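Below is one structure; the comments refer to it alone.
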Amino acid sequence: MLHGLRKIYFTILIPAAAGFLILYAIKSLDLVTWDPIRPPLIIGVFIFILSFFFAVALPIFMRALFAHKIRDRKSIDVAELAGFERNLIFAALVAPYLSLSAYFLELPGFYFSGSFIAALYAAYYYFPSDKRIDFEKKIFRAK
């Protein structure tokens, strides 16, 4: 279970990280010249809010729904927990892509920084470590 979750995690996260590195290299080395994209300010607000929604609010809501679904059961199957964890990773790791889009669009510092912090939180908190998965197994009584 742990190996599969880590594989999914890195498969989703590595392209976003590579995108940041590539965009940074292009911008700092002036490899490609383009006019800065100046989207309306509402786009920055929208990306900022969506970043926190996917990194924080949606995973909390998903956890509450999952806990409600299994509330009367004595234990759950490890495969069911793995599916839940996989869905959490999918939901939370949308935030790095939103942050990447904020970087590409050269949004004002507040909106980019906020979305980047949300992306870092999602990448940090939802990493499937041994300790975290063992804790989840204990909480949800996975057998």
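Every chain in the structure tokens takes a letter, A first, then B, and so on in the order presented; its residues are numbered from 1, and the ligands are numbered from 1 following the presented order.
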Query raised in the report: What lies within 12 Å of Lys74 (chain A) using only C-alpha atoms, ignoring chain neighbours under 3 positions off, as a VMD selection string?
Result: chain A and resid 70 to 71 77 138 to 143
Query raised in the report: If you run DSSP on the backbone, which residues of chain A are alpha helix (DSSP H), as a ChimeraX atom specification?
Result: /A:2-29,41-52,58-69,78-92,95-104,109-125,130-140
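Each of A:Ala95, A:Met1, A:Leu107, A:Val32 was checked against Ala119 (chain A) using only C-alpha atoms; the smallest atom-to-atom distance is that of A:Ala95.
Remark: for Asp130 (chain A), the closest of the candidate residues A:Val94, A:Ile37, A:Leu58, A:Leu5 is A:Leu5 (distances computed over only C-alpha atoms).
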Report task. Tell me, in Å to one decimal, how far CA of Ile60 (chain A) is from CA of Phe135 (chain A). Result -> 16.1 Å
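Excluding Ala17 (chain A) and any residue on its chain fewer than 3 positions from it, the residues at most 12 Å away by only C-alpha atoms are Phe10, Thr11, Ile12, Leu13, Ile14, Phe20, Leu21, Ile22, Leu23, Tyr24, Leu93, Ala95, Pro96, Tyr97, Leu98, Ser99, Leu100, Tyr103, Phe116, Ala119, Leu120 and Ala123 of chain A.
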Query - Spatial neighbours of Tyr9 (chain A), max dist 10 Å, only C-alpha atoms, sep filter under 5 positions, as a PyMOL selection string - result: chain A and resi 3-4+14+86+89-90+93+123+126-128
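Here CA of Phe53 (chain A) stands at a distance of 12.5 Å from CA of Ile117 (chain A).
For the pair CA of Ala55 (chain A) and CA of Lys131 (chain A), the interatomic distance is 20.4 Å.
Using only C-alpha atoms, the smallest distance between any of A:Phe48, A:Val56, A:Ser28, A:His68 and Tyr124 (chain A) comes from A:Val56.
Closest approach to Met62 (chain A) among A:Ala91, A:Leu41, A:Ile49, A:Val78 is made by A:Ala91 (distances from only C-alpha atoms).
Shortest atom-to-atom contact with Pro108 (chain A) among A:Pro40, A:Pro59, A:Leu2, A:Lys137: A:Pro40, counting only C-alpha atoms.
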Report summary line: The residue from A:Ile8, A:Val45, A:Phe52, A:Pro36 with the smallest atom-to-atom distance to Phe110 (chain A), counting only C-alpha atoms, is A:Val45
